[in-house]
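File shown: coords_29.pdb. Contents: PDB, C-alpha atoms, pLDDT in the B column.
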```pdb
ATOM      1  CA  MET A   1       0.000   0.000   0.000  1.00 94.00           C
ATOM      2  CA  ARG A   2       2.741   2.418   0.969  1.00 96.00           C
ATOM      3  CA  ASP A   3       4.754   1.761  -2.205  1.00 97.00           C
ATOM      4  CA  ALA A   4       1.716   2.163  -4.453  1.00 97.00           C
ATOM      5  CA  LEU A   5       0.716   5.488  -2.897  1.00 98.00           C
ATOM      6  CA  GLN A   6       4.265   6.836  -2.909  1.00 98.00           C
ATOM      7  CA  HIS A   7       4.761   5.880  -6.544  1.00 97.00           C
ATOM      8  CA  ALA A   8       1.472   7.362  -7.766  1.00 97.00           C
ATOM      9  CA  LEU A   9       1.156  10.458  -5.582  1.00 98.00           C
ATOM     10  CA  ALA A  10       4.702  11.383  -4.465  1.00 98.00           C
ATOM     11  CA  PRO A  11       3.374  12.483  -1.071  1.00 98.00           C
ATOM     12  CA  SER A  12       5.239  14.729   1.339  1.00 97.00           C
ATOM     13  CA  VAL A  13       3.295  13.031   4.146  1.00 97.00           C
ATOM     14  CA  LEU A  14       1.978   9.487   4.099  1.00 98.00           C
ATOM     15  CA  GLU A  15       0.512   7.965   7.229  1.00 98.00           C
ATOM     16  CA  ILE A  16      -1.163   4.562   7.110  1.00 97.00           C
ATOM     17  CA  GLU A  17      -2.931   3.131  10.136  1.00 95.00           C
ATOM     18  CA  ASP A  18      -4.079  -0.475  10.091  1.00 89.00           C
ATOM     19  CA  ASP A  19      -7.320  -0.421  12.044  1.00 84.00           C
ATOM     20  CA  SER A  20      -8.268  -4.023  11.238  1.00 76.00           C
ATOM     21  CA  HIS A  21      -7.996  -5.234  14.836  1.00 62.00           C
ATOM     22  CA  ARG A  22     -10.983  -3.048  15.771  1.00 61.00           C
ATOM     23  CA  HIS A  23     -13.145  -4.837  13.211  1.00 53.00           C
ATOM     24  CA  ALA A  24     -12.434  -8.473  14.095  1.00 58.00           C
ATOM     25  CA  GLY A  25     -15.474 -10.574  13.313  1.00 58.00           C
ATOM     26  CA  HIS A  26     -17.018  -7.871  11.130  1.00 55.00           C
ATOM     27  CA  ALA A  27     -18.723  -9.485   8.133  1.00 56.00           C
ATOM     28  CA  GLY A  28     -16.518  -7.702   5.575  1.00 51.00           C
ATOM     29  CA  ALA A  29     -13.338  -8.463   7.478  1.00 51.00           C
ATOM     30  CA  ARG A  30     -13.859 -12.220   7.607  1.00 54.00           C
ATOM     31  CA  ASP A  31     -12.329 -12.632   4.163  1.00 56.00           C
ATOM     32  CA  GLY A  32      -8.999 -11.287   5.434  1.00 53.00           C
ATOM     33  CA  ARG A  33      -9.236  -7.809   3.936  1.00 65.00           C
ATOM     34  CA  GLY A  34      -8.318  -4.955   6.254  1.00 85.00           C
ATOM     35  CA  HIS A  35      -9.594  -1.613   7.494  1.00 87.00           C
ATOM     36  CA  PHE A  36      -7.191   1.293   7.051  1.00 93.00           C
ATOM     37  CA  ASN A  37      -6.929   5.022   7.716  1.00 96.00           C
ATOM     38  CA  VAL A  38      -4.735   6.961   5.304  1.00 97.00           C
ATOM     39  CA  HIS A  39      -3.484  10.542   5.502  1.00 98.00           C
ATOM     40  CA  VAL A  40      -1.884  11.686   2.246  1.00 98.00           C
ATOM     41  CA  VAL A  41      -0.427  15.131   1.571  1.00 98.00           C
ATOM     42  CA  SER A  42       0.483  15.633  -2.075  1.00 98.00           C
ATOM     43  CA  GLU A  43       0.891  18.457  -4.578  1.00 97.00           C
ATOM     44  CA  ARG A  44      -0.959  16.199  -7.025  1.00 97.00           C
ATOM     45  CA  PHE A  45      -4.199  17.004  -5.209  1.00 98.00           C
ATOM     46  CA  ALA A  46      -3.968  20.696  -6.125  1.00 97.00           C
ATOM     47  CA  GLY A  47      -7.070  21.791  -8.015  1.00 97.00           C
ATOM     48  CA  LEU A  48      -8.920  18.556  -7.227  1.00 98.00           C
ATOM     49  CA  GLY A  49     -12.070  18.338  -5.140  1.00 97.00           C
ATOM     50  CA  PRO A  50     -12.497  15.758  -2.377  1.00 97.00           C
ATOM     51  CA  LEU A  51     -14.106  13.139  -4.619  1.00 98.00           C
ATOM     52  CA  ALA A  52     -11.363  13.411  -7.256  1.00 98.00           C
ATOM     53  CA  ARG A  53      -8.708  13.116  -4.538  1.00 98.00           C
ATOM     54  CA  HIS A  54     -10.301   9.944  -3.198  1.00 98.00           C
ATOM     55  CA  ARG A  55     -10.525   8.545  -6.711  1.00 97.00           C
ATOM     56  CA  ALA A  56      -6.797   9.240  -7.160  1.00 98.00           C
ATOM     57  CA  VAL A  57      -6.043   7.261  -3.996  1.00 98.00           C
ATOM     58  CA  TYR A  58      -8.300   4.395  -5.119  1.00 97.00           C
ATOM     59  CA  ALA A  59      -6.640   4.392  -8.551  1.00 97.00           C
ATOM     60  CA  ALA A  60      -3.191   4.281  -6.946  1.00 97.00           C
ATOM     61  CA  LEU A  61      -4.204   1.265  -4.869  1.00 97.00           C
ATOM     62  CA  GLY A  62      -5.764  -0.494  -7.850  1.00 95.00           C
ATOM     63  CA  ALA A  63      -6.566  -4.162  -7.272  1.00 93.00           C
ATOM     64  CA  MET A  64      -5.643  -3.877  -3.574  1.00 92.00           C
ATOM     65  CA  MET A  65      -9.090  -2.330  -3.094  1.00 90.00           C
ATOM     66  CA  GLU A  66     -10.565  -5.696  -4.054  1.00 87.00           C
ATOM     67  CA  THR A  67      -7.972  -8.063  -2.587  1.00 86.00           C
ATOM     68  CA  ASP A  68      -6.490  -6.479   0.560  1.00 87.00           C
ATOM     69  CA  ILE A  69      -8.664  -3.555   1.623  1.00 89.00           C
ATOM     70  CA  HIS A  70     -12.224  -3.800   2.902  1.00 83.00           C
ATOM     71  CA  ALA A  71     -12.575  -0.251   4.249  1.00 86.00           C
ATOM     72  CA  LEU A  72     -10.467   2.835   3.693  1.00 94.00           C
ATOM     73  CA  SER A  73     -10.769   6.181   5.438  1.00 96.00           C
ATOM     74  CA  ILE A  74      -8.923   8.867   3.458  1.00 98.00           C
ATOM     75  CA  ARG A  75      -7.691  12.307   4.452  1.00 98.00           C
ATOM     76  CA  ALA A  76      -6.194  13.815   1.290  1.00 98.00           C
ATOM     77  CA  GLN A  77      -4.643  17.272   1.402  1.00 98.00           C
ATOM     78  CA  THR A  78      -2.278  19.550  -0.462  1.00 98.00           C
ATOM     79  CA  PRO A  79       0.764  20.853   1.430  1.00 97.00           C
ATOM     80  CA  SER A  80      -0.902  24.281   1.796  1.00 96.00           C
ATOM     81  CA  GLU A  81      -3.958  22.669   3.446  1.00 96.00           C
ATOM     82  CA  GLN A  82      -1.970  20.684   5.960  1.00 85.00           C
ATOM     83  CA  GLY A  83      -2.471  22.059   9.413  1.00 66.00           C
TER      84      GLY A  83
END
```
As structure tokens:
Amino acid sequence: MRDALQHALAPSVLEIEDDSHRHAGHAGARDGRGHFNVHVVSERFAGLGPLARHRAVYAALGAMMETDIHALSIRAQTPSEQG
């Protein structure tokens, strides 16, 4: 996940939190896919709205969204928005 996001978005900040342990037994987690929180700060988000930023993250992760990730919480910012 980290490599895919770094390659596609060249972030200045990339924080990934695996929150899967909090969802043990959850119907969607039974198949082994995880729950993650991602904070990405990238110049590539400049001029993009929230939906387009999320789509860029999903595109960067590609097939992982179907094989490794069940739920993904995204905070996507430009460097000027980071606070």
Tell me, as number ranges by chain, which residues lie within 12 Å of Gly62 (chain A), counting only C-alpha atoms; anything in the same chain fewer than 4 positions away does not count.
-> A: 1, 4-5, 8, 55-58, 66-69
Separation of CA of Leu48 (chain A) from CA of Asp18 (chain A), in Å and rounded to one decimal = 26.2 Å
Quick one: distance from CA of Glu15 (chain A) to CA of Leu61 (chain A) in Å, one decimal?
-> 14.6 Å
Kindly give the distance, in Å, that separates CA of Glu17 (chain A) and CA of Asp3 (chain A), rounded to a single decimal.
-> 14.6 Å
Using the chain letters and residue numbers of this document, give as a PyMOL selection string the residues selected by the PyMOL selection byres ((chain A and resi 76-83) around 12).
-> chain A and resi 5+9-15+37-58+73-75
Take the selection from the previous step and output its residues with C-alpha atoms, as an mmCIF file, keeping the file's coordinate frame.
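Result file is selection-v4.cif:
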```
data_model
loop_
_atom_site.group_PDB
_atom_site.id
_atom_site.type_symbol
_atom_site.label_atom_id
_atom_site.label_comp_id
_atom_site.auth_asym_id
_atom_site.auth_seq_id
_atom_site.Cartn_x
_atom_site.Cartn_y
_atom_site.Cartn_z
ATOM 1 C CA LEU A 5 0.716 5.488 -2.897
ATOM 2 C CA LEU A 9 1.156 10.458 -5.582
ATOM 3 C CA ALA A 10 4.702 11.383 -4.465
ATOM 4 C CA PRO A 11 3.374 12.483 -1.071
ATOM 5 C CA SER A 12 5.239 14.729 1.339
ATOM 6 C CA VAL A 13 3.295 13.031 4.146
ATOM 7 C CA LEU A 14 1.978 9.487 4.099
ATOM 8 C CA GLU A 15 0.512 7.965 7.229
ATOM 9 C CA ASN A 37 -6.929 5.022 7.716
ATOM 10 C CA VAL A 38 -4.735 6.961 5.304
ATOM 11 C CA HIS A 39 -3.484 10.542 5.502
ATOM 12 C CA VAL A 40 -1.884 11.686 2.246
ATOM 13 C CA VAL A 41 -0.427 15.131 1.571
ATOM 14 C CA SER A 42 0.483 15.633 -2.075
ATOM 15 C CA GLU A 43 0.891 18.457 -4.578
ATOM 16 C CA ARG A 44 -0.959 16.199 -7.025
ATOM 17 C CA PHE A 45 -4.199 17.004 -5.209
ATOM 18 C CA ALA A 46 -3.968 20.696 -6.125
ATOM 19 C CA GLY A 47 -7.070 21.791 -8.015
ATOM 20 C CA LEU A 48 -8.920 18.556 -7.227
ATOM 21 C CA GLY A 49 -12.070 18.338 -5.140
ATOM 22 C CA PRO A 50 -12.497 15.758 -2.377
ATOM 23 C CA LEU A 51 -14.106 13.139 -4.619
ATOM 24 C CA ALA A 52 -11.363 13.411 -7.256
ATOM 25 C CA ARG A 53 -8.708 13.116 -4.538
ATOM 26 C CA HIS A 54 -10.301 9.944 -3.198
ATOM 27 C CA ARG A 55 -10.525 8.545 -6.711
ATOM 28 C CA ALA A 56 -6.797 9.240 -7.160
ATOM 29 C CA VAL A 57 -6.043 7.261 -3.996
ATOM 30 C CA TYR A 58 -8.300 4.395 -5.119
ATOM 31 C CA SER A 73 -10.769 6.181 5.438
ATOM 32 C CA ILE A 74 -8.923 8.867 3.458
ATOM 33 C CA ARG A 75 -7.691 12.307 4.452
#
```
Contact residues around Ala71 (chain A) with only C-alpha atoms at 8 Å, ignoring same-chain residues under 6 positions, as a PyMOL selection string = chain A and resi 34-36
